[in-house]
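Q: I am sharing model.cif, which consists of mmCIF, C-alpha atoms:
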data_final
loop_
_atom_site.label_atom_id
_atom_site.label_comp_id
_atom_site.auth_asym_id
_atom_site.auth_seq_id
_atom_site.Cartn_x
_atom_site.Cartn_y
_atom_site.Cartn_z
CA MET L 222 4.20 -16.68 39.62
CA ILE L 223 5.92 -14.22 37.28
CA TRP L 224 9.53 -15.12 36.53
CA PRO L 225 11.58 -12.03 37.55
CA PHE L 226 14.35 -12.50 34.98
CA LYS L 227 14.06 -11.89 31.26
CA PRO L 228 15.48 -14.54 28.91
CA ARG L 229 18.96 -13.63 27.65
CA PHE L 230 17.88 -12.65 24.15
CA ARG L 231 15.12 -10.38 25.49
CA LYS L 232 17.88 -8.17 26.89
CA GLN L 233 19.85 -7.98 23.64
CA ILE L 234 19.43 -6.39 20.23
CA ALA L 235 19.70 -8.57 17.16
CA ARG L 236 21.82 -7.33 14.29
CA ILE L 237 21.63 -8.41 10.64
CA GLU L 238 23.98 -7.04 7.99
CA ILE L 239 23.04 -6.84 4.32
CA SER L 240 26.04 -6.07 2.13
CA GLY L 241 26.82 -6.40 -1.55
CA ALA L 242 24.37 -6.95 -4.38
CA ILE L 243 21.01 -8.36 -3.30
CA ALA L 244 20.15 -11.66 -4.99
CA GLY L 245 18.87 -15.12 -4.13
CA GLY L 246 21.66 -15.93 -1.69
CA THR L 247 21.09 -12.70 0.22
CA ARG L 248 17.35 -13.34 0.41
CA LYS L 249 17.81 -16.86 1.78
CA ARG L 250 20.33 -15.76 4.40
CA VAL L 251 18.32 -12.75 5.57
CA LEU L 252 15.01 -14.62 5.77
CA GLU L 253 16.68 -17.31 7.90
CA ALA L 254 18.15 -14.61 10.15
CA LEU L 255 14.78 -12.89 10.53
CA GLU L 256 13.22 -16.20 11.53
CA GLU L 257 15.90 -16.52 14.21
CA VAL L 258 15.07 -13.04 15.50
CA LYS L 259 11.45 -14.12 15.83
CA GLU L 260 12.20 -17.50 17.43
CA LYS L 261 14.58 -16.07 20.05
CA LYS L 262 12.19 -13.21 20.78
CA PHE L 263 14.64 -10.35 20.44
CA PRO L 264 12.84 -7.10 21.32
CA ALA L 265 14.64 -5.07 18.63
CA LEU L 266 16.57 -5.51 15.41
CA LEU L 267 19.40 -3.37 14.06
CA LEU L 268 19.44 -3.78 10.28
CA ARG L 269 22.74 -2.64 8.79
CA ILE L 270 22.51 -2.04 5.02
CA ASP L 271 25.54 -1.48 2.83
CA SER L 272 24.28 -2.42 -0.62
CA PRO L 273 23.76 -0.88 -4.07
CA GLY L 274 20.56 -2.91 -4.44
CA GLY L 275 19.83 -5.92 -6.61
CA THR L 276 16.98 -8.02 -7.91
CA VAL L 277 13.38 -6.85 -7.54
CA GLY L 278 11.80 -10.06 -6.28
CA ASP L 279 14.48 -10.79 -3.67
CA SER L 280 14.29 -7.22 -2.34
CA GLN L 281 10.50 -7.47 -2.10
CA GLU L 282 10.62 -10.74 -0.17
CA ILE L 283 13.04 -9.33 2.39
CA TYR L 284 10.92 -6.19 2.72
CA SER L 285 7.73 -8.24 3.24
CA ALA L 286 9.41 -10.33 5.94
CA LEU L 287 10.55 -7.18 7.73
CA LYS L 288 7.05 -5.70 7.63
CA LYS L 289 5.66 -8.86 9.20
CA LEU L 290 8.37 -8.85 11.86
CA GLN L 291 7.39 -5.28 12.77
CA GLU L 292 4.33 -6.71 14.52
CA THR L 293 6.50 -7.96 17.39
CA VAL L 294 9.95 -6.37 16.97
CA LYS L 295 11.18 -2.79 16.75
CA ILE L 296 13.39 -2.43 13.66
CA VAL L 297 15.90 0.36 13.10
CA ALA L 298 17.78 0.41 9.78
CA SER L 299 21.28 1.88 9.57
CA PHE L 300 22.49 2.93 6.11
CA GLY L 301 26.25 2.46 5.69
CA ASN L 302 28.59 3.59 2.94
CA ILE L 303 25.91 3.03 0.32
CA SER L 304 22.28 2.05 0.54
CA ALA L 305 20.75 2.64 -2.84
CA SER L 306 17.89 1.35 -4.95
CA GLY L 307 16.99 -2.11 -3.57
CA GLY L 308 18.91 -1.18 -0.42
CA VAL L 309 16.46 1.69 0.09
CA TYR L 310 13.53 -0.63 -0.61
CA ILE L 311 14.64 -3.05 2.10
CA GLY L 312 15.19 -0.14 4.48
CA MET L 313 11.52 0.77 4.08
CA GLY L 314 10.75 -2.43 5.98
CA ALA L 315 12.07 -0.83 9.17
CA GLN L 316 10.04 1.48 11.38
CA TYR L 317 12.95 3.92 11.56
CA VAL L 318 15.97 4.71 9.39
CA VAL L 319 19.30 6.26 10.40
CA THR L 320 21.92 7.28 7.86
CA ASN L 321 25.34 8.87 7.80
CA PRO L 322 25.32 12.39 6.32
CA GLY L 323 27.60 11.24 3.50
CA THR L 324 25.94 7.91 2.75
CA ILE L 325 25.18 7.40 -0.94
CA THR L 326 21.50 6.58 -1.18
CA GLY L 327 18.54 7.11 -3.47
CA SER L 328 18.76 5.66 -7.00
CA ILE L 329 15.07 4.84 -6.69
CA GLY L 330 14.18 3.30 -10.01
CA VAL L 331 14.35 0.19 -12.15
CA ILE L 332 16.88 -0.90 -14.75
CA LEU L 333 16.86 -3.81 -17.18
CA ARG L 334 19.89 -4.54 -19.31
CA GLY L 335 20.49 -6.76 -22.30
CA ASN L 336 23.59 -7.13 -24.45
CA ASN L 337 23.42 -6.87 -28.23
CA LEU L 338 26.37 -8.70 -29.84
CA GLU L 339 24.89 -8.80 -33.33
CA ARG L 340 27.67 -6.81 -35.03
CA LEU L 341 30.40 -8.82 -33.33
CA LEU L 342 28.77 -12.11 -34.31
CA ASP L 343 28.50 -10.92 -37.91
CA LYS L 344 32.23 -10.21 -37.97
CA VAL L 345 33.16 -13.68 -36.80
CA GLY L 346 30.52 -15.36 -38.95
CA VAL L 347 28.27 -16.72 -36.21
CA SER L 348 24.49 -16.80 -36.51
CA PHE L 349 21.64 -18.53 -34.67
CA LYS L 350 18.54 -20.29 -35.90
CA VAL L 351 15.68 -19.87 -33.44
CA ILE L 352 12.47 -21.91 -33.30
CA LYS L 353 10.03 -20.32 -30.88
CA SER L 354 6.43 -20.72 -29.74
CA GLY L 355 5.63 -17.02 -29.92
CA PRO L 356 7.07 -13.78 -31.30
CA TYR L 357 8.40 -12.63 -27.92
CA LYS L 358 9.89 -15.86 -26.59
CA ASP L 359 13.45 -14.71 -27.42
CA ILE L 360 12.99 -11.16 -26.22
CA LEU L 361 16.35 -9.58 -25.24
CA SER L 362 18.23 -12.16 -27.26
CA PHE L 363 21.87 -11.07 -27.53
CA ASP L 364 22.17 -11.74 -31.27
CA ARG L 365 19.71 -9.14 -32.53
CA GLU L 366 18.28 -5.69 -31.86
CA LEU L 367 15.02 -5.24 -29.96
CA THR L 368 11.90 -4.63 -32.03
CA GLN L 369 9.59 -1.71 -31.23
CA PRO L 370 6.83 -3.96 -29.81
CA GLU L 371 9.44 -5.65 -27.59
CA GLN L 372 10.63 -2.29 -26.29
CA THR L 373 7.03 -1.39 -25.44
CA ILE L 374 6.52 -4.66 -23.53
CA LEU L 375 9.72 -4.19 -21.52
CA GLN L 376 8.98 -0.53 -20.79
CA GLU L 377 5.56 -1.48 -19.41
CA LEU L 378 7.25 -4.12 -17.25
CA ILE L 379 9.69 -1.54 -15.89
CA ASP L 380 6.93 1.01 -15.29
CA VAL L 381 4.92 -1.47 -13.18
CA SER L 382 7.97 -2.37 -11.09
CA TYR L 383 8.81 1.31 -10.68
CA GLY L 384 5.27 2.05 -9.51
CA GLN L 385 5.59 -0.64 -6.83
CA PHE L 386 8.83 0.96 -5.61
CA VAL L 387 7.34 4.45 -5.45
CA SER L 388 4.23 3.20 -3.66
CA THR L 389 6.32 1.37 -1.04
CA VAL L 390 8.48 4.41 -0.29
CA ALA L 391 5.43 6.70 -0.15
CA THR L 392 3.60 4.39 2.27
CA ALA L 393 6.62 3.71 4.50
CA ARG L 394 7.61 7.34 4.76
CA ASN L 395 4.07 8.78 4.82
CA LEU L 396 4.71 10.88 1.71
CA PRO L 397 2.45 11.60 -1.28
CA GLU L 398 3.36 9.44 -4.28
CA GLU L 399 3.82 12.53 -6.44
CA THR L 400 6.36 13.84 -3.94
CA VAL L 401 8.30 10.58 -4.13
CA ARG L 402 8.18 10.59 -7.94
CA GLY L 403 9.79 14.04 -7.79
CA PHE L 404 13.07 12.55 -6.54
CA ALA L 405 12.61 8.90 -7.62
CA ASP L 406 14.08 9.40 -11.07
CA GLY L 407 17.19 7.29 -10.55
CA ARG L 408 19.27 10.10 -9.05
CA ILE L 409 21.50 9.45 -6.06
CA PHE L 410 21.72 11.75 -3.06
CA THR L 411 23.52 11.95 0.26
CA GLY L 412 22.16 10.89 3.60
CA ALA L 413 21.77 14.56 4.54
CA GLN L 414 19.68 15.16 1.43
CA ALA L 415 17.67 12.01 2.17
CA LEU L 416 16.73 13.51 5.55
CA GLU L 417 15.50 16.69 3.85
CA LEU L 418 13.45 14.62 1.41
CA GLY L 419 11.88 12.58 4.20
CA VAL L 420 13.39 9.24 3.15
CA VAL L 421 15.14 8.75 6.53
CA ASP L 422 14.45 9.80 10.13
CA ARG L 423 17.82 10.81 11.55
CA LEU L 424 21.46 11.39 10.72
CA GLY L 425 23.87 9.25 12.68
CA THR L 426 26.16 6.26 12.85
CA GLU L 427 25.38 2.59 13.36
CA GLU L 428 26.10 3.14 17.04
CA ASP L 429 23.47 5.89 17.12
CA ALA L 430 21.00 3.51 15.49
CA LYS L 431 21.79 0.88 18.11
CA HIS L 432 21.18 3.36 20.92
CA TRP L 433 17.85 4.34 19.40
CA ALA L 434 16.77 0.70 19.05
CA ALA L 435 17.62 0.09 22.73
CA GLU L 436 15.66 3.15 23.83
CA LEU L 437 12.61 2.04 21.84
CA VAL L 438 12.35 -1.18 23.84
CA GLY L 439 13.32 0.20 27.23
CA LEU L 440 16.89 -1.12 27.38
CA ASP L 441 19.98 0.73 28.56
CA PRO L 442 21.63 2.06 25.34
CA ASP L 443 25.11 1.97 26.89
CA LYS L 444 24.92 -1.53 28.35
CA THR L 445 22.77 -3.42 25.86
CA GLU L 446 24.66 -6.07 23.92
CA ILE L 447 24.40 -6.62 20.17
CA TYR L 448 23.87 -10.17 18.90
CA THR L 449 24.96 -10.36 15.25
CA ILE L 450 23.25 -13.18 13.38
CA GLU L 451 25.79 -14.70 11.02
CA GLU L 452 25.19 -16.77 7.93
CA ARG L 453 24.64 -20.43 8.68
CA LYS L 454 27.39 -22.51 7.08
CA PRO L 455 27.66 -26.28 6.63
CA PHE L 456 29.48 -28.04 9.45
CA TRP L 457 32.33 -29.23 7.21
CA ASN L 458 33.08 -25.61 6.23
CA LYS L 459 34.10 -25.01 9.82
CA LEU L 460 36.49 -27.96 9.74
CA LEU L 461 38.15 -27.40 6.37
CA PRO L 462 40.60 -24.50 6.06
CA GLY L 463 40.31 -21.97 3.24
CA ASN L 464 37.53 -21.47 0.74
CA SER L 465 35.97 -24.28 -1.25
CA GLN L 466 35.92 -22.11 -4.37
CA VAL L 467 39.05 -21.99 -6.51
CA ALA L 468 40.31 -18.43 -6.86
CA ASN L 469 41.11 -17.09 -10.32
CA PRO L 470 44.52 -15.37 -10.17
CA TRP L 471 43.57 -13.10 -13.11
CA VAL L 472 40.25 -11.86 -11.72
CA SER L 473 39.73 -10.09 -8.40
CA PRO L 474 36.95 -11.43 -6.12
CA ARG L 475 35.04 -8.16 -6.65
CA MET L 476 35.25 -8.46 -10.43
CA GLN L 477 34.34 -12.14 -10.29
CA GLY L 478 31.25 -11.26 -8.25
CA TRP L 479 30.34 -8.60 -10.77
CA LEU L 480 30.67 -11.01 -13.69
CA GLU L 481 28.63 -13.70 -11.96
CA PHE L 482 25.86 -11.24 -11.17
CA GLU L 483 25.83 -9.82 -14.72
CA LEU L 484 25.61 -13.27 -16.29
CA ALA L 485 22.96 -14.53 -13.89
CA TYR L 486 20.65 -11.51 -14.05
CA GLN L 487 21.02 -10.20 -17.60
CA GLY L 488 17.55 -9.30 -18.81
CA VAL L 489 16.08 -9.22 -15.28
CA PRO L 490 14.55 -5.99 -13.89
CA LEU L 491 16.85 -4.68 -11.16
CA TRP L 492 16.59 -2.17 -8.35
CA LEU L 493 20.29 -1.47 -8.58
CA TYR L 494 22.58 1.55 -8.50
CA GLN L 495 25.35 1.05 -11.04
CA SER L 496 28.53 3.11 -10.75
CA PRO L 497 32.04 2.08 -11.85
CA GLY L 498 33.61 4.28 -9.18
CA THR L 499 31.86 2.81 -6.16
CA THR L 500 33.80 0.47 -3.86
CA LEU L 501 31.82 -2.13 -1.97
CA PRO L 502 32.55 -5.37 -0.17
CA GLY L 503 31.27 -8.50 -1.84
CA PRO L 504 29.67 -8.81 -5.28
CA PHE L 505 29.10 -5.45 -6.92
CA VAL L 506 27.56 -4.51 -10.22
CA GLY L 507 28.92 -1.29 -11.62
#
Please re-express this file's structure in structure tokens.

A:
Amino acid sequence: MIWPFKPRFRKQIARIEISGAIAGGTRKRVLEALEEVKEKKFPALLLRIDSPGGTVGDSQEIYSALKKLQETVKIVASFGNISASGGVYIGMGAQYVVTNPGTITGSIGVILRGNNLERLLDKVGVSFKVIKSGPYKDILSFDRELTQPEQTILQELIDVSYGQFVSTVATARNLPEETVRGFADGRIFTGAQALELGVVDRLGTEEDAKHWAAELVGLDPDKTEIYTIEERKPFWNKLLPGNSQVANPWVSPRMQGWLEFELAYQGVPLWLYQSPGTTLPGPFVG
């Protein structure tokens, strides 16, 4: 006998939001949410992306999980205010991409930053003695300038990561790699321009993306409910009021997030759009 009623989740669309800089915490949360989509057998997923990008490895793991989920779930990505660099990479894990005409996107490329404080340290009379196992063990050390061989090593690292990004976009969007390289030079562009370049499928809002996802799986676009998968928090967090972290009255939460990200990922290749003028919720590097 065939049961005439679909389970509740089979009649809903799952929604996962990715906002702020992409790092280890984002990866863990999103992978858990994707597992929930699979376990509850949602027919479609609405992936809302509002992020300037982030770390290479974390972006790749989310993308790989999305590609695997495509085997059983229709995925529509919706680009929000900004979906750049690593945000674009993650979006390539969806079968279809919808963006607002004015969304800031693109910034396809790789950046690696290190800070050289050598002159400042000289002024205050601070120096370091380094014992190392090889000539490149202290590469990107903040107390000295890079050597030419070190620059070559890092450039090769960046070039390999960049090639992976270009290849992923080309494959996902069915574009020649040379075509992608033509606009994957770090530049940003609007959602409307992204449509012309073939990076996205349609212009529209998150609501338009939701309607499309419903249509893809044979659900009524106007009646289908959205089930947003929230971050799982420890039980005691629900009982205790306020935030467990002590706020710094001299530093805004946005600036604190920026500082934490900079300190944690200095010297790490990033798929990240950096712009001082961009306003984003959550941690932001810019």

Q: Quick one: distance from CA of Ile243 (chain L) to CA of Leu437 (chain L) in Å, one decimal?

A: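 Pair CA of Ile243 (chain L) / CA of Leu437 (chain L) returns 28.5 Å.
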
Q: Return the single residue from L:Arg231, L:Arg269, L:Lys259, L:Arg248 that is closest to Val319 (chain L), with distances computed using all atoms listed in the file.

A: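 Of the candidates, the smallest distance to Val319 (chain L) is held by L:Arg269.
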
Q: If you count only C-alpha atoms, which residues fall within 10 Å of Trp433 (chain L), apart from same-chain ones fewer than 6 positions away, as number ranges by chain?

A: L: 265, 267, 296-297, 317, 319, 427, 439-440, 442

Q: Would you put the residues from that selection into a file with C-alpha atoms, as a compact mmCIF listing (two decimals), keeping the file's coordinate frame?

A:
# COMPACT_ATOMS: atom_id res chain seq x y z
CA ALA L 265 14.64 -5.07 18.63
CA LEU L 267 19.40 -3.37 14.06
CA ILE L 296 13.39 -2.43 13.66
CA VAL L 297 15.90 0.36 13.10
CA TYR L 317 12.95 3.92 11.56
CA VAL L 319 19.30 6.26 10.40
CA GLU L 427 25.38 2.59 13.36
CA GLY L 439 13.32 0.20 27.23
CA LEU L 440 16.89 -1.12 27.38
CA PRO L 442 21.63 2.06 25.34

Q: With all atoms listed in the file as the atoms that count, which of L:Ser328, L:Asn302, L:Ser272, L:Gln316 lies nearest to Tyr494 (chain L)?

A: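 Of L:Ser328, L:Asn302, L:Ser272, L:Gln316, the one nearest Tyr494 (chain L), counting all atoms listed in the file, is L:Ser328.
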
Q: For each of L:Lys444, L:Lys262, L:His432, L:Arg402, take the minimum atom-to-atom distance to Thr293 (chain L), counting all atoms listed in the file, then give the residue where this is smallest.

A: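 Ranking L:Lys444, L:Lys262, L:His432, L:Arg402 by distance to Thr293 (chain L), first place goes to L:Lys262.
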
Q: Mind telling me what the PyMOL selection byres ((chain L and resi 357) around 12) catches here, as a PyMOL selection string?

A: chain L and resi 351-356+358-362+367-375

Q: Got time to write the residues from that selection, C-alpha atoms, as a PDB file, keeping the file's coordinate frame?

A:
ATOM      1  CA  VAL L 351      15.680 -19.870 -33.440  1.00  0.00           C
ATOM      2  CA  ILE L 352      12.470 -21.910 -33.300  1.00  0.00           C
ATOM      3  CA  LYS L 353      10.030 -20.320 -30.880  1.00  0.00           C
ATOM      4  CA  SER L 354       6.430 -20.720 -29.740  1.00  0.00           C
ATOM      5  CA  GLY L 355       5.630 -17.020 -29.920  1.00  0.00           C
ATOM      6  CA  PRO L 356       7.070 -13.780 -31.300  1.00  0.00           C
ATOM      7  CA  LYS L 358       9.890 -15.860 -26.590  1.00  0.00           C
ATOM      8  CA  ASP L 359      13.450 -14.710 -27.420  1.00  0.00           C
ATOM      9  CA  ILE L 360      12.990 -11.160 -26.220  1.00  0.00           C
ATOM     10  CA  LEU L 361      16.350  -9.580 -25.240  1.00  0.00           C
ATOM     11  CA  SER L 362      18.230 -12.160 -27.260  1.00  0.00           C
ATOM     12  CA  LEU L 367      15.020  -5.240 -29.960  1.00  0.00           C
ATOM     13  CA  THR L 368      11.900  -4.630 -32.030  1.00  0.00           C
ATOM     14  CA  GLN L 369       9.590  -1.710 -31.230  1.00  0.00           C
ATOM     15  CA  PRO L 370       6.830  -3.960 -29.810  1.00  0.00           C
ATOM     16  CA  GLU L 371       9.440  -5.650 -27.590  1.00  0.00           C
ATOM     17  CA  GLN L 372      10.630  -2.290 -26.290  1.00  0.00           C
ATOM     18  CA  THR L 373       7.030  -1.390 -25.440  1.00  0.00           C
ATOM     19  CA  ILE L 374       6.520  -4.660 -23.530  1.00  0.00           C
ATOM     20  CA  LEU L 375       9.720  -4.190 -21.520  1.00  0.00           C
TER      21      LEU L 375
END

Q: Please evaluate the PyMOL selection byres ((chain L and resi 307) around 7) against the structure above and give the resulting residues as a PyMOL selection string.

A: chain L and resi 273-275+280+305-306+308-311+492-493

Q: Generate the output file for the selected residues, C-alpha atoms, as a PDB file, keeping the file's coordinate frame.

A:
ATOM      1  CA  PRO L 273      23.760  -0.880  -4.070  1.00  0.00           C
ATOM      2  CA  GLY L 274      20.560  -2.910  -4.440  1.00  0.00           C
ATOM      3  CA  GLY L 275      19.830  -5.920  -6.610  1.00  0.00           C
ATOM      4  CA  SER L 280      14.290  -7.220  -2.340  1.00  0.00           C
ATOM      5  CA  ALA L 305      20.750   2.640  -2.840  1.00  0.00           C
ATOM      6  CA  SER L 306      17.890   1.350  -4.950  1.00  0.00           C
ATOM      7  CA  GLY L 308      18.910  -1.180  -0.420  1.00  0.00           C
ATOM      8  CA  VAL L 309      16.460   1.690   0.090  1.00  0.00           C
ATOM      9  CA  TYR L 310      13.530  -0.630  -0.610  1.00  0.00           C
ATOM     10  CA  ILE L 311      14.640  -3.050   2.100  1.00  0.00           C
ATOM     11  CA  TRP L 492      16.590  -2.170  -8.350  1.00  0.00           C
ATOM     12  CA  LEU L 493      20.290  -1.470  -8.580  1.00  0.00           C
TER      13      LEU L 493
END

Q: Could you check how far CA of Glu451 (chain L) sits from CA of Gln291 (chain L), in Å to one decimal?

A: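 Computing it gives 20.7 Å between the two atoms.
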
Q: Report, in Å with one decimal, the straight-line distance from CA of Ile237 (chain L) to CA of Leu268 (chain L).

A: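 Those two atoms sit 5.1 Å apart.
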
Q: Please output region 304-314 of chain L, rebuilt to include all heavy atoms, as a PDB file, in the frame of the given file.

A:
ATOM      1  N   SER L 304      23.534   2.790   0.445  1.00  0.00           N
ATOM      2  CA  SER L 304      22.280   2.050   0.540  1.00  0.00           C
ATOM      3  C   SER L 304      21.371   2.645  -0.512  1.00  0.00           C
ATOM      4  O   SER L 304      20.677   3.638  -0.281  1.00  0.00           O
ATOM      5  CB  SER L 304      21.663   2.190   1.935  1.00  0.00           C
ATOM      6  OG  SER L 304      20.479   1.415   2.015  1.00  0.00           O
ATOM      7  N   ALA L 305      21.434   2.064  -1.690  1.00  0.00           N
ATOM      8  CA  ALA L 305      20.750   2.640  -2.840  1.00  0.00           C
ATOM      9  C   ALA L 305      19.804   1.630  -3.468  1.00  0.00           C
ATOM     10  O   ALA L 305      19.944   0.426  -3.287  1.00  0.00           O
ATOM     11  CB  ALA L 305      21.770   3.108  -3.876  1.00  0.00           C
ATOM     12  N   SER L 306      18.827   2.146  -4.181  1.00  0.00           N
ATOM     13  CA  SER L 306      17.890   1.350  -4.950  1.00  0.00           C
ATOM     14  C   SER L 306      17.263   0.251  -4.091  1.00  0.00           C
ATOM     15  O   SER L 306      16.544   0.534  -3.150  1.00  0.00           O
ATOM     16  CB  SER L 306      18.588   0.790  -6.187  1.00  0.00           C
ATOM     17  OG  SER L 306      17.661   0.546  -7.219  1.00  0.00           O
ATOM     18  N   GLY L 307      17.558  -1.034  -4.376  1.00  0.00           N
ATOM     19  CA  GLY L 307      16.990  -2.110  -3.570  1.00  0.00           C
ATOM     20  C   GLY L 307      17.377  -2.020  -2.110  1.00  0.00           C
ATOM     21  O   GLY L 307      16.644  -2.502  -1.238  1.00  0.00           O
ATOM     22  N   GLY L 308      18.522  -1.401  -1.810  1.00  0.00           N
ATOM     23  CA  GLY L 308      18.910  -1.180  -0.420  1.00  0.00           C
ATOM     24  C   GLY L 308      17.933  -0.244   0.276  1.00  0.00           C
ATOM     25  O   GLY L 308      17.583  -0.430   1.443  1.00  0.00           O
ATOM     26  N   VAL L 309      17.475   0.780  -0.448  1.00  0.00           N
ATOM     27  CA  VAL L 309      16.460   1.690   0.090  1.00  0.00           C
ATOM     28  C   VAL L 309      15.153   0.929   0.299  1.00  0.00           C
ATOM     29  O   VAL L 309      14.480   1.078   1.328  1.00  0.00           O
ATOM     30  CB  VAL L 309      16.230   2.881  -0.860  1.00  0.00           C
ATOM     31  CG1 VAL L 309      15.038   3.715  -0.409  1.00  0.00           C
ATOM     32  CG2 VAL L 309      17.478   3.745  -0.954  1.00  0.00           C
ATOM     33  N   TYR L 310      14.794   0.115  -0.690  1.00  0.00           N
ATOM     34  CA  TYR L 310      13.530  -0.630  -0.610  1.00  0.00           C
ATOM     35  C   TYR L 310      13.496  -1.499   0.651  1.00  0.00           C
ATOM     36  O   TYR L 310      12.506  -1.509   1.391  1.00  0.00           O
ATOM     37  CB  TYR L 310      13.361  -1.497  -1.855  1.00  0.00           C
ATOM     38  CG  TYR L 310      11.965  -2.047  -2.015  1.00  0.00           C
ATOM     39  CD1 TYR L 310      11.020  -1.391  -2.799  1.00  0.00           C
ATOM     40  CD2 TYR L 310      11.576  -3.225  -1.387  1.00  0.00           C
ATOM     41  CE1 TYR L 310       9.743  -1.879  -2.949  1.00  0.00           C
ATOM     42  CE2 TYR L 310      10.291  -3.723  -1.522  1.00  0.00           C
ATOM     43  CZ  TYR L 310       9.381  -3.057  -2.305  1.00  0.00           C
ATOM     44  OH  TYR L 310       8.104  -3.545  -2.438  1.00  0.00           O
ATOM     45  N   ILE L 311      14.582  -2.208   0.909  1.00  0.00           N
ATOM     46  CA  ILE L 311      14.640  -3.050   2.100  1.00  0.00           C
ATOM     47  C   ILE L 311      14.554  -2.183   3.356  1.00  0.00           C
ATOM     48  O   ILE L 311      13.890  -2.536   4.334  1.00  0.00           O
ATOM     49  CB  ILE L 311      15.925  -3.887   2.097  1.00  0.00           C
ATOM     50  CG1 ILE L 311      15.836  -4.965   1.016  1.00  0.00           C
ATOM     51  CG2 ILE L 311      16.170  -4.519   3.463  1.00  0.00           C
ATOM     52  CD1 ILE L 311      17.101  -5.768   0.849  1.00  0.00           C
ATOM     53  N   GLY L 312      15.226  -1.033   3.330  1.00  0.00           N
ATOM     54  CA  GLY L 312      15.190  -0.140   4.480  1.00  0.00           C
ATOM     55  C   GLY L 312      13.796   0.335   4.827  1.00  0.00           C
ATOM     56  O   GLY L 312      13.504   0.664   5.981  1.00  0.00           O
ATOM     57  N   MET L 313      12.906   0.361   3.830  1.00  0.00           N
ATOM     58  CA  MET L 313      11.520   0.770   4.080  1.00  0.00           C
ATOM     59  C   MET L 313      10.760  -0.244   4.928  1.00  0.00           C
ATOM     60  O   MET L 313       9.663   0.025   5.408  1.00  0.00           O
ATOM     61  CB  MET L 313      10.790   0.995   2.753  1.00  0.00           C
ATOM     62  CG  MET L 313      11.357   2.122   1.893  1.00  0.00           C
ATOM     63  SD  MET L 313      11.343   3.763   2.675  1.00  0.00           S
ATOM     64  CE  MET L 313      13.044   3.906   3.261  1.00  0.00           C
ATOM     65  N   GLY L 314      11.362  -1.425   5.119  1.00  0.00           N
ATOM     66  CA  GLY L 314      10.750  -2.430   5.980  1.00  0.00           C
ATOM     67  C   GLY L 314      11.019  -2.203   7.447  1.00  0.00           C
ATOM     68  O   GLY L 314      10.522  -2.950   8.290  1.00  0.00           O
TER      69      GLY L 314
END
